[in-house]
Structure formats: structure tokens, C-alpha cells
file start.txt (compact mmCIF, C-alpha atoms)
# COMPACT_ATOMS: atom_id res chain seq x y z
CA MET A 25 -91.42 32.98 10.87
CA SER A 26 -93.53 33.65 7.80
CA ARG A 27 -94.27 30.71 5.59
CA PRO A 28 -93.23 31.14 1.95
CA THR A 29 -96.38 32.15 0.10
CA PRO A 30 -96.31 29.85 -2.97
CA ALA A 31 -95.75 26.80 -0.77
CA PRO A 32 -97.00 23.61 -2.41
CA PRO A 33 -99.81 22.02 -0.43
CA PRO A 34 -98.42 19.49 2.04
CA THR A 35 -99.15 15.91 1.10
CA LYS A 36 -99.60 13.27 3.74
CA MET A 37 -96.81 10.76 3.37
CA GLY A 38 -96.40 7.28 4.71
CA HIS A 39 -93.69 6.63 7.29
CA PHE A 40 -92.19 3.57 5.68
CA ALA A 41 -93.69 3.40 2.20
CA PRO A 42 -92.45 0.33 0.24
CA GLU A 43 -91.55 2.49 -2.75
CA THR A 44 -89.43 4.80 -0.57
CA ILE A 45 -87.72 1.85 1.11
CA ARG A 46 -86.88 0.48 -2.34
CA ARG A 47 -85.40 3.80 -3.45
CA GLY A 48 -83.31 3.99 -0.29
CA ALA A 49 -81.95 0.52 -0.92
CA ILE A 50 -81.04 1.34 -4.53
CA ALA A 51 -79.29 4.54 -3.43
CA CYS A 52 -76.86 2.44 -1.37
CA LEU A 53 -76.01 0.14 -4.29
CA PRO A 54 -72.57 1.73 -4.92
CA LEU A 55 -71.54 0.43 -1.49
CA LEU A 56 -72.29 -3.22 -2.28
CA PRO A 57 -68.77 -4.46 -3.29
CA SER A 58 -66.89 -2.92 -0.38
CA THR A 59 -69.58 -3.78 2.19
CA ILE A 60 -69.64 -7.44 1.16
CA ILE A 61 -65.83 -7.73 1.15
CA PHE A 62 -65.42 -6.07 4.54
CA GLY A 63 -68.29 -8.22 5.82
CA ALA A 64 -66.36 -11.26 4.63
CA VAL A 65 -63.14 -10.08 6.26
CA LEU A 66 -65.05 -9.75 9.54
CA GLY A 67 -66.45 -13.25 9.00
CA VAL A 68 -62.93 -14.68 8.66
CA LEU A 69 -61.80 -12.82 11.78
CA ALA A 70 -64.82 -14.08 13.74
CA SER A 71 -64.13 -17.70 12.78
CA GLN A 72 -60.57 -17.30 14.08
CA ARG A 73 -61.73 -15.69 17.33
CA GLY A 74 -64.16 -18.50 18.18
CA LEU A 75 -67.51 -16.79 17.59
CA SER A 76 -70.15 -18.99 16.01
CA LEU A 77 -71.67 -17.83 12.74
CA GLY A 78 -74.99 -17.43 14.54
CA GLU A 79 -73.41 -15.16 17.13
CA LEU A 80 -71.73 -13.08 14.44
CA LEU A 81 -74.96 -12.63 12.46
CA PHE A 82 -76.79 -11.82 15.69
CA MET A 83 -74.18 -9.12 16.34
CA SER A 84 -74.29 -7.78 12.79
CA LEU A 85 -78.05 -7.29 12.90
CA THR A 86 -78.37 -6.01 16.48
CA VAL A 87 -75.25 -3.80 16.70
CA PHE A 88 -74.99 -2.99 12.97
CA ALA A 89 -71.86 -0.85 13.15
CA GLY A 90 -68.87 -2.01 11.11
CA SER A 91 -65.88 -0.41 12.76
CA ALA A 92 -67.07 -1.21 16.30
CA GLN A 93 -67.68 -4.82 15.28
CA PHE A 94 -64.14 -5.16 13.90
CA VAL A 95 -62.62 -3.94 17.15
CA SER A 96 -64.98 -6.07 19.27
CA VAL A 97 -64.45 -9.30 17.33
CA ASP A 98 -60.72 -8.67 17.47
CA LEU A 99 -60.98 -8.41 21.28
CA TRP A 100 -63.09 -11.61 21.50
CA ARG A 101 -61.52 -14.49 23.49
CA GLU A 102 -62.59 -17.84 24.96
CA THR A 103 -63.58 -15.92 28.09
CA VAL A 104 -65.31 -12.92 26.57
CA PRO A 105 -63.97 -9.60 27.97
CA ALA A 106 -67.50 -8.20 28.00
CA ALA A 107 -66.85 -4.90 29.77
CA THR A 108 -63.87 -4.01 27.55
CA ILE A 109 -65.83 -4.82 24.42
CA ILE A 110 -68.93 -2.87 25.43
CA ILE A 111 -66.87 0.18 26.46
CA ALA A 112 -64.89 0.06 23.20
CA THR A 113 -68.18 -0.16 21.28
CA ALA A 114 -69.57 2.83 23.14
CA VAL A 115 -66.48 4.93 22.42
CA ILE A 116 -66.30 4.03 18.73
CA ASN A 117 -70.04 4.53 18.23
CA MET A 118 -70.28 7.82 20.12
CA ARG A 119 -70.56 9.58 16.76
CA TYR A 120 -74.05 8.08 16.48
CA ILE A 121 -75.24 10.63 19.04
CA LEU A 122 -74.32 13.33 16.52
CA ILE A 123 -75.63 11.32 13.58
CA GLY A 124 -78.91 10.74 15.43
CA ALA A 125 -79.17 14.44 16.26
CA SER A 126 -78.58 15.43 12.63
CA LEU A 127 -81.46 13.16 11.55
CA ARG A 128 -84.00 15.47 13.20
CA PRO A 129 -85.33 16.87 9.89
CA VAL A 130 -85.83 13.34 8.53
CA PHE A 131 -88.06 12.41 11.49
CA ARG A 132 -89.63 15.85 11.98
CA GLY A 133 -93.26 15.65 13.02
CA ARG A 134 -93.36 11.87 13.05
CA PRO A 135 -94.62 9.75 15.93
CA LEU A 136 -92.35 8.13 18.48
CA TRP A 137 -92.76 4.61 17.13
CA VAL A 138 -91.38 5.70 13.76
CA LYS A 139 -88.29 7.09 15.49
CA VAL A 140 -87.90 3.95 17.60
CA CYS A 141 -88.18 1.68 14.55
CA GLY A 142 -86.30 3.93 12.15
CA MET A 143 -83.21 4.63 14.25
CA HIS A 144 -81.91 1.09 14.51
CA MET A 145 -80.68 0.46 10.97
CA VAL A 146 -78.64 3.66 10.82
CA ALA A 147 -75.09 3.21 9.58
CA ASP A 148 -72.73 5.96 8.44
CA GLU A 149 -73.37 5.06 4.81
CA ASN A 150 -77.17 5.14 4.59
CA TRP A 151 -77.21 8.17 6.90
CA ALA A 152 -74.90 10.11 4.57
CA VAL A 153 -76.87 9.07 1.47
CA THR A 154 -80.16 10.07 3.14
CA MET A 155 -78.89 13.44 4.32
CA THR A 156 -77.88 14.42 0.79
CA GLN A 157 -81.27 13.73 -0.80
CA GLU A 158 -82.51 16.80 -2.63
CA ASN A 159 -86.10 16.40 -1.55
CA LEU A 160 -87.23 16.12 2.00
CA ALA A 161 -85.68 12.89 3.19
CA ASN A 162 -87.96 10.21 4.56
CA PRO A 163 -87.47 7.58 7.32
CA GLY A 164 -88.41 4.92 4.77
CA PHE A 165 -85.51 5.96 2.56
CA LEU A 166 -83.14 5.72 5.53
CA LEU A 167 -84.55 2.33 6.53
CA GLY A 168 -84.32 1.01 2.96
CA GLY A 169 -80.61 1.80 2.81
CA GLY A 170 -80.15 0.24 6.26
CA ILE A 171 -81.94 -2.98 5.34
CA PHE A 172 -79.94 -3.25 2.12
CA LEU A 173 -76.62 -2.68 3.91
CA GLY A 174 -77.64 -5.08 6.69
CA VAL A 175 -78.45 -7.88 4.25
CA VAL A 176 -75.22 -7.32 2.29
CA TRP A 177 -73.18 -7.06 5.50
CA ALA A 178 -74.64 -10.32 6.89
CA THR A 179 -74.16 -12.06 3.53
CA GLY A 180 -70.51 -11.00 3.51
CA ASN A 181 -70.13 -12.23 7.11
CA SER A 182 -71.51 -15.65 6.18
CA VAL A 183 -69.36 -16.02 3.06
CA GLY A 184 -66.20 -15.05 4.93
CA TYR A 185 -67.02 -17.27 7.90
CA LEU A 186 -67.75 -20.33 5.76
CA LEU A 187 -64.74 -19.85 3.49
CA GLY A 188 -62.58 -19.13 6.54
CA GLY A 189 -60.06 -17.28 4.40
CA GLY A 190 -59.18 -16.72 0.78
CA ILE A 191 -60.99 -13.38 0.75
CA PRO A 192 -59.28 -10.92 -1.60
CA ASP A 193 -57.39 -8.18 0.21
CA PRO A 194 -59.69 -5.13 0.02
CA GLU A 195 -56.65 -2.87 -0.43
CA VAL A 196 -55.71 -4.44 -3.76
CA TYR A 197 -58.86 -3.16 -5.45
CA ALA A 198 -58.98 0.01 -3.34
CA LEU A 199 -62.21 -1.29 -1.79
CA ASP A 200 -61.08 0.05 1.56
CA PHE A 201 -61.06 3.47 -0.10
CA ALA A 202 -64.72 3.13 -1.18
CA PHE A 203 -65.94 4.35 2.22
CA THR A 204 -63.59 7.34 2.18
CA ALA A 205 -64.68 8.10 -1.40
CA VAL A 206 -68.42 7.90 -0.75
CA PHE A 207 -68.21 10.15 2.31
CA ALA A 208 -65.96 12.64 0.50
CA ALA A 209 -68.32 12.75 -2.49
CA LEU A 210 -71.47 13.12 -0.36
CA THR A 211 -69.91 16.05 1.49
CA ILE A 212 -70.42 18.07 -1.71
CA GLY A 213 -74.13 17.28 -1.56
CA MET A 214 -74.35 18.64 1.99
CA TRP A 215 -73.13 22.10 1.00
CA LYS A 216 -75.92 24.56 1.78
CA GLY A 217 -74.03 27.78 1.16
CA LYS A 218 -71.16 29.80 2.53
CA VAL A 219 -72.43 29.47 6.11
CA ASP A 220 -71.00 25.97 5.90
CA LEU A 221 -67.49 27.11 5.02
CA LEU A 222 -66.06 28.00 8.44
CA PRO A 223 -67.65 25.07 10.34
CA TRP A 224 -66.40 22.68 7.66
CA VAL A 225 -62.87 24.08 7.73
CA ALA A 226 -62.95 23.78 11.52
CA ALA A 227 -64.16 20.17 11.28
CA ALA A 228 -61.37 19.31 8.85
CA ILE A 229 -58.69 20.96 11.00
CA GLY A 230 -60.11 19.43 14.20
CA SER A 231 -60.22 15.94 12.74
CA ILE A 232 -56.67 16.26 11.32
CA ILE A 233 -55.33 17.38 14.70
CA GLY A 234 -57.33 14.58 16.35
CA HIS A 235 -55.98 12.05 13.86
CA TYR A 236 -52.39 12.81 14.86
CA THR A 237 -52.93 13.31 18.59
CA LEU A 238 -55.82 11.05 19.66
CA PRO A 239 -56.30 7.27 19.54
CA GLY A 240 -58.86 5.41 17.43
CA THR A 241 -61.98 7.19 16.28
CA TRP A 242 -61.72 10.16 18.66
CA SER A 243 -60.72 12.26 15.65
CA ILE A 244 -64.34 12.10 14.45
CA LEU A 245 -65.53 13.64 17.69
CA ALA A 246 -62.70 16.20 17.67
CA GLY A 247 -63.60 17.33 14.16
CA ALA A 248 -67.36 17.36 14.73
CA GLY A 249 -66.85 19.20 18.01
CA ALA A 250 -64.74 21.88 16.32
CA GLY A 251 -67.38 22.24 13.60
CA VAL A 252 -70.17 22.61 16.17
CA VAL A 253 -68.29 25.24 18.18
CA ILE A 254 -67.51 27.30 15.07
CA ALA A 255 -71.09 26.93 13.80
CA ALA A 256 -72.40 28.20 17.14
CA LEU A 257 -69.96 31.13 17.15
CA THR A 258 -70.68 32.17 13.55
CA TRP A 259 -74.48 32.15 13.92
CA ARG A 260 -76.24 35.45 13.41
CA ASP A 261 -79.89 36.43 13.77
CA ASP A 262 -80.45 36.74 10.05
CA MET A 263 -79.27 33.21 9.31
CA ASP A 264 -82.48 31.43 10.24
CA ASP A 265 -83.48 28.93 7.61
CA THR A 266 -86.90 29.83 6.26
CA SER A 267 -86.81 27.33 3.40
CA PRO A 268 -89.89 25.12 2.99
CA GLU A 269 -88.02 22.11 4.40
CA ALA A 270 -87.44 23.96 7.62
CA GLU A 271 -91.02 25.16 7.81
CA TYR A 272 -92.82 21.94 6.97
CA ALA A 273 -94.59 19.94 9.59
CA VAL A 274 -92.82 21.58 12.48
CA ASP A 275 -95.97 21.52 14.56
CA GLY A 276 -98.65 18.99 15.15
CA ARG A 277 -98.69 15.26 15.17
CA GLN A 278 -99.16 14.61 11.48
CA ALA A 279 -96.20 13.98 9.23
CA TYR A 280 -96.19 15.97 6.08
CA GLY A 281 -93.73 16.16 3.30
CA ALA A 282 -93.42 17.36 -0.22
CA PRO A 283 -94.26 14.81 -2.87
CA GLU A 284 -91.17 13.99 -4.86
CA GLY A 285 -90.10 16.61 -7.32
CA THR A 286 -92.41 19.37 -6.14
CA LEU A 287 -90.34 20.88 -3.37
CA ASN A 288 -87.84 23.29 -4.81
CA PRO A 289 -84.97 23.70 -2.36
CA GLU A 290 -84.25 27.18 -3.73
CA VAL A 291 -87.64 28.55 -2.62
CA GLY A 292 -87.33 30.82 0.36
CA LYS A 293 -83.56 31.20 0.26
CA MET B 4 -62.36 -23.79 19.81
CA ASN B 5 -65.35 -25.84 18.80
CA SER B 6 -65.55 -27.96 15.67
CA PHE B 7 -65.53 -25.86 12.52
CA PRO B 8 -67.71 -24.52 11.04
CA ASP B 9 -69.48 -23.57 14.22
CA LEU B 10 -72.84 -22.29 13.02
CA THR B 11 -75.37 -22.21 15.76
CA SER B 12 -73.79 -22.39 19.18
CA PHE B 13 -74.82 -19.42 21.31
CA SER B 14 -72.97 -19.04 24.60
CA LEU B 15 -74.71 -17.00 27.27
CA GLU B 16 -71.77 -14.64 27.77
CA SER B 17 -71.51 -13.98 24.03
CA VAL B 18 -75.20 -13.20 23.73
CA LEU B 19 -75.11 -10.90 26.76
CA THR B 20 -72.01 -9.10 25.46
CA ILE B 21 -73.63 -8.60 22.05
CA LEU B 22 -76.84 -7.35 23.65
CA GLY B 23 -74.76 -4.89 25.68
CA MET B 24 -73.04 -3.65 22.52
CA ALA B 25 -76.41 -3.35 20.78
CA ALA B 26 -77.99 -1.50 23.70
CA VAL B 27 -75.28 1.19 23.93
CA THR B 28 -75.20 1.64 20.14
CA TYR B 29 -78.97 1.86 19.69
CA GLY B 30 -79.24 4.02 22.80
CA MET B 31 -76.86 6.57 21.30
CA ARG B 32 -78.62 6.51 17.91
CA LEU B 33 -82.07 7.11 19.37
CA GLY B 34 -80.77 9.29 22.21
CA GLY B 35 -79.10 11.69 19.78
CA LEU B 36 -82.35 12.12 17.86
CA MET B 37 -84.39 12.57 21.04
CA MET B 38 -81.98 15.21 22.37
CA ALA B 39 -82.08 17.08 19.06
CA ASP B 40 -85.90 16.98 19.15
CA ARG B 41 -85.79 18.95 22.39
CA LEU B 42 -83.66 21.71 20.87
CA PRO B 43 -85.38 24.77 19.40
CA GLN B 44 -86.43 24.63 15.74
CA HIS B 45 -84.96 28.07 15.03
CA GLY B 46 -82.03 30.15 16.09
CA ARG B 47 -78.52 29.23 17.08
CA TRP B 48 -79.14 25.57 17.92
CA ALA B 49 -81.05 24.91 14.72
CA HIS B 50 -78.19 26.52 12.80
CA VAL B 51 -75.65 24.31 14.60
CA LEU B 52 -77.73 21.18 13.92
CA GLU B 53 -77.84 22.03 10.23
CA ARG B 54 -74.05 22.30 10.08
CA LEU B 55 -73.66 19.04 12.03
CA PRO B 56 -74.00 16.42 9.24
CA GLY B 57 -71.32 18.08 7.10
CA ALA B 58 -68.99 18.43 10.08
CA VAL B 59 -69.45 14.76 11.07
CA LEU B 60 -69.02 13.55 7.50
CA ILE B 61 -65.81 15.54 6.99
CA SER B 62 -64.45 14.27 10.29
CA VAL B 63 -65.13 10.69 9.18
CA TRP B 64 -63.33 10.77 5.84
CA VAL B 65 -60.51 13.30 6.29
CA PRO B 66 -58.64 11.16 8.86
CA SER B 67 -59.20 7.99 6.82
CA ALA B 68 -57.80 9.72 3.71
CA LEU B 69 -54.76 10.72 5.77
CA SER B 70 -54.39 7.12 6.97
CA ALA B 71 -54.25 5.98 3.35
CA GLY B 72 -51.18 8.16 2.80
CA ALA B 73 -50.40 10.54 -0.06
CA ILE B 74 -52.35 8.43 -2.55
CA GLY B 75 -55.35 8.53 -0.21
CA ILE B 76 -55.22 12.32 -0.01
CA ALA B 77 -54.95 12.52 -3.82
CA GLY B 78 -57.83 10.06 -4.21
CA ALA B 79 -60.06 12.03 -1.83
CA ALA B 80 -59.25 15.28 -3.64
CA ALA B 81 -60.05 13.66 -7.00
CA THR B 82 -63.35 12.32 -5.60
CA VAL B 83 -64.41 15.72 -4.25
CA ILE B 84 -63.50 17.52 -7.50
CA THR B 85 -65.30 14.95 -9.66
CA MET B 86 -68.41 15.16 -7.49
CA ALA B 87 -68.38 18.97 -7.59
CA LEU B 88 -68.13 18.94 -11.39
CA ALA B 89 -70.19 15.91 -12.39
CA ARG B 90 -72.63 15.58 -9.43
CA ASN B 91 -72.56 11.84 -9.92
CA LEU B 92 -71.83 9.58 -6.94
CA PHE B 93 -70.84 6.55 -9.04
CA ALA B 94 -68.43 8.60 -11.18
CA ALA B 95 -66.88 10.36 -8.19
CA MET B 96 -66.32 7.08 -6.31
CA ALA B 97 -64.95 5.40 -9.43
CA VAL B 98 -62.42 8.18 -10.10
CA GLY B 99 -61.16 8.14 -6.50
CA MET B 100 -60.99 4.35 -6.21
CA ILE B 101 -59.32 3.85 -9.61
CA LEU B 102 -56.75 6.51 -8.77
CA VAL B 103 -55.99 4.84 -5.43
CA GLY B 104 -55.97 1.32 -6.90
CA VAL B 105 -53.69 2.25 -9.80
CA GLY B 106 -51.50 4.40 -7.56
CA ARG B 107 -50.99 1.55 -5.11
CA TYR B 108 -50.21 -0.86 -7.93
CA PHE B 109 -47.50 1.32 -9.43
CA ILE B 110 -46.19 3.31 -6.48
CA GLY B 111 -47.20 1.24 -3.49
CA SER B 112 -49.25 2.73 -0.69

call {"tool": "encode", "arguments": {"input": "start.txt", "output": "C-alpha cells"}}
result
Amino acid sequence: MSRPTPAPPPTKMGHFAPETIRRGAIACLPLLPSTIIFGAVLGVLASQRGLSLGELLFMSLTVFAGSAQFVSVDLWRETVPAATIIIATAVINMRYILIGASLRPVFRGRPLWVKVCGMHMVADENWAVTMTQENLANPGFLLGGGIFLGVVWATGNSVGYLLGGGIPDPEVYALDFAFTAVFAALTIGMWKGKVDLLPWVAAAIGSIIGHYTLPGTWSILAGAGAGVVIAALTWRDDMDDTSPEAEYAVDGRQAYGAPEGTLNPEVGK
Amino acid sequence: MNSFPDLTSFSLESVLTILGMAAVTYGMRLGGLMMADRLPQHGRWAHVLERLPGAVLISVWVPSALSAGAIGIAGAAATVITMALARNLFAAMAVGMILVGVGRYFIGS
């Protein structure tokens, strides 16, 4: 692969720079109302199922996965059905294998400890926001969004738990639709060109078929699987991405990235 | 049930269950990244990996729009169109959510 000739000189970037973490947190701001309300709904549910607030917060910060936590807390009983809960969590969160895999460019060329520290606070929301950044995304940006969502999520849990009810129904203000809306909107930002068309159509069809034929969140895996198969089948030799993002810091141990605003995503297309 | 509000009691089985949930979830997050790191940087697998985020994202929201019924499908369409035209996340979310909220108020979900 030939590097694009007018490539801007790589700048050494921090792994978790405070400024990047702050920007990542701000980017997740639109998710604040729905995250806090759903956090509160989970708090109410946990108080009814006999979890202590401490246990709930411990779960929210160690598991950090909304839909799996809802199912798990709902399954919680006086004698905890541990195996059922852990298996349900594994099934619902299986999409994180794919989400983790898709984060490769964000962690490209960075040391293992950055991956180990950066991969914990990864929820669907801050992942999607990070993946649609125009400039080379940064683990700090991802972590910032994760910390923000984690704090808001835990705050919502506490409010709901302590109030024990009286939380407004998220459906009334369409807050349940906020997650659908943010993911739908961010899909536009992931468009890289017409190579995406067939895999995306396949993902949509696969997830729709999965939605009507499979239980729970298996539709996510059905759709993603269909997209992957079609992407693999439609690949041709001349499709290799030679954009600067793809060429940066592929080798070596140092992490390099473009300083903000200098990396033009159109270069090399 | 214990006396309410129960703030700080940690039962061993709860903690172990939560740690089990955390271990499988974190293991899949980090494991996915580590597997992808072992794939080639160019060629078919790199191409597939680049298509992956869009495919996952679509598979997350399309079924949830369907679950929200006709108004959910309309709201998702409005969100996508607004984002394509305005390229503004706040505006796109607002259009979709207002449409769904108003639609539910007048038509019911």
C-alpha cells in the first residue's frame, strides 16, 4: 500500500487526554434525559426485586449494559438464579463481541493496557457516537462518553431506588424512542460510500426477519451476521481502503493520530 | 425483603452473580477487540470490519423501531431523513422523538 503523499505529519497523541475525555462526555449529552429516566426505572425495579442500592450501583458500574441489567434485575429473586442471569447476560451482550471488533481503528497501534482500560466503559451509545467522529476517533473520547453515561446511569438508578416509584413513564415523552432515534441518526454518519449499501440492506433485512422469528436480542446478531456475510461476498481487490485513517499507525508500538481538524477524510479516496 | 431503603447490604450470592455478569460482558468487549486485532489490516477481513459498525447499528435500531409500531417506523424514518439533510444529531433526535410523542398522544401507540 502506498501512503498518500501529502499526508500530514503524524502527531503523538495521548491515550486518555483530559480534553478528549471531556469532548467525549459532551458528545453524549443528548442521551442524558433518556438515560437518567431508564436508570430510574431500573432503580424502581431493583427495589422491588430485593437488591440493595449498593448492589445495584455495583452492577451498573461493573456490568454497564442497560438491556442486560433490565433482564437480570427482573430475574432477581430471594435466592438468586445466578446461572440463568449470567447466561441471559451473555446472550444479550453478545453484540459486544462485534462492537469490540469494530473498535479496532480507535485502538489501532495502542498498547495493551489502553485496550484493557478503555474497553470497559463501552455502551452502545458512546460506541456509536465515537464511531461517527469525523476525525480519527480516540480511546479518550470513547472513555469520556462511557464515564458520562455511567455517572448518569448510576444517578438515575439511585433516584429511582430512593423514590421507589413515581418515575414518569418514559413512553409518554417518547424517551424510550431516544435510543432508537440516536442510533438511526448516527447510522447516517457511518456511511462511507456505496460499498455500504448492500451490507446495510442485508443487515436491515436480517434484523427484521430476526425480529419476527427470534426471541429477545437475537435479531441484532441476525442482522449483523447478514451484513457481515454480504460484506465478505461483495469485497473486491480494488476496494482496499487507502485513506489516511487506514494507513496511520498500523505498525509499531507508538500511537499516532491526526491532530483535530487536520485529517481530511476525503484524502486518498 | 429487608427494611427499605436497603442501601448497603451486599449478599455474597448477589456479588458473585454480578461479578459473573461483569466478567462475561467485559470478556466479550475486550475479546472482540483482541480478535479483530489479529485479523489482517487489508483485504476482505478489513473490508468486513469496516462495514461492521453500520451493520450492528442498523440491527440495533430497526427492530426497536418495529417494536414501537407504525409511529416508531415513521419516527425512525423522520430521524434518518432529518440527519441526512441537517447533519445535526440534536435536531434529528428531536424531530423523531417529537413525532413519536405527539403521534402517541393523538393516535395512541

call {"tool": "interface_residues", "arguments": {"input": "start.txt", "of": "chain B", "to": "chain A", "cutoff": "7 Å", "atoms": "all atoms listed in the file", "output": "MDAnalysis selection string"}}
result
chainID B and resid 4 8:13 16:17 20:21 23:25 27:29 31:36 38:40 45:47 50:52 54:68 79 82:83 86:87 92:93 95:96 99:100 103:104

call {"tool": "atom_distance", "arguments": {"input": "start.txt", "atom1": "CA of Ala41 in chain A", "atom2": "CA of Asn91 in chain B"}}
result
25.8 Å

call {"tool": "atom_distance", "arguments": {"input": "start.txt", "atom1": "CA of Pro192 in chain A", "atom2": "CA of Thr59 in chain A"}}
result
13.1 Å

call {"tool": "atom_distance", "arguments": {"input": "start.txt", "atom1": "CA of Ile171 in chain A", "atom2": "CA of Ser58 in chain A"}}
result
16.1 Å

call {"tool": "closest_residue", "arguments": {"input": "start.txt", "among": "A:Ile45, A:Val130, A:Leu99, A:Ala70", "to": "Val183 in chain A", "atoms": "all atoms listed in the file"}}
result
A:Ala70

call {"tool": "decode", "arguments": {"input": "start.txt", "residues": "range 36-85 of chain B", "atoms": "C-alpha atoms", "output": "tab-separated table (two decimals), in the first residue's frame"}}
result
chain	number	residue	atom	x	y	z
B	36	LEU	CA	-11.27	-6.14	20.04
B	37	MET	CA	-8.47	-8.67	20.55
B	38	MET	CA	-9.88	-10.97	17.86
B	39	ALA	CA	-10.19	-8.07	15.43
B	40	ASP	CA	-6.57	-7.09	16.17
B	41	ARG	CA	-5.48	-10.48	14.87
B	42	LEU	CA	-7.29	-10.03	11.56
B	43	PRO	CA	-5.37	-8.59	8.60
B	44	GLN	CA	-5.30	-4.81	8.19
B	45	HIS	CA	-6.14	-5.03	4.49
B	46	GLY	CA	-8.22	-7.15	2.20
B	47	ARG	CA	-11.50	-8.92	2.70
B	48	TRP	CA	-11.48	-9.02	6.51
B	49	ALA	CA	-10.58	-5.36	6.84
B	50	HIS	CA	-13.42	-4.55	4.44
B	51	VAL	CA	-15.85	-6.64	6.52
B	52	LEU	CA	-14.70	-4.97	9.75
B	53	GLU	CA	-15.32	-1.55	8.23
B	54	ARG	CA	-18.89	-2.50	7.32
B	55	LEU	CA	-19.46	-3.99	10.79
B	56	PRO	CA	-20.37	-0.87	12.83
B	57	GLY	CA	-23.07	0.19	10.37
B	58	ALA	CA	-24.49	-3.33	10.23
B	59	VAL	CA	-24.58	-3.62	14.04
B	60	LEU	CA	-26.11	-0.17	14.45
B	61	ILE	CA	-28.86	-0.85	11.90
B	62	SER	CA	-29.61	-4.18	13.55
B	63	VAL	CA	-29.99	-2.42	16.90
B	64	TRP	CA	-32.48	0.25	15.88
B	65	VAL	CA	-34.52	-1.32	13.06
B	66	PRO	CA	-36.11	-3.97	15.32
B	67	SER	CA	-36.74	-1.42	18.08
B	68	ALA	CA	-38.46	0.90	15.57
B	69	LEU	CA	-40.63	-2.04	14.51
B	70	SER	CA	-41.45	-2.76	18.16
B	71	ALA	CA	-42.69	0.81	18.54
B	72	GLY	CA	-45.28	0.17	15.81
B	73	ALA	CA	-46.21	2.33	12.83
B	74	ILE	CA	-45.41	5.54	14.71
B	75	GLY	CA	-41.98	4.13	15.56
B	76	ILE	CA	-41.26	3.36	11.91
B	77	ALA	CA	-42.40	6.87	10.93
B	78	GLY	CA	-40.28	8.39	13.71
B	79	ALA	CA	-37.18	6.45	12.64
B	80	ALA	CA	-37.70	7.49	9.01
B	81	ALA	CA	-38.09	11.13	10.05
B	82	THR	CA	-34.91	10.90	12.16
B	83	VAL	CA	-32.87	9.42	9.32
B	84	ILE	CA	-34.14	12.00	6.79
B	85	THR	CA	-33.50	14.92	9.16
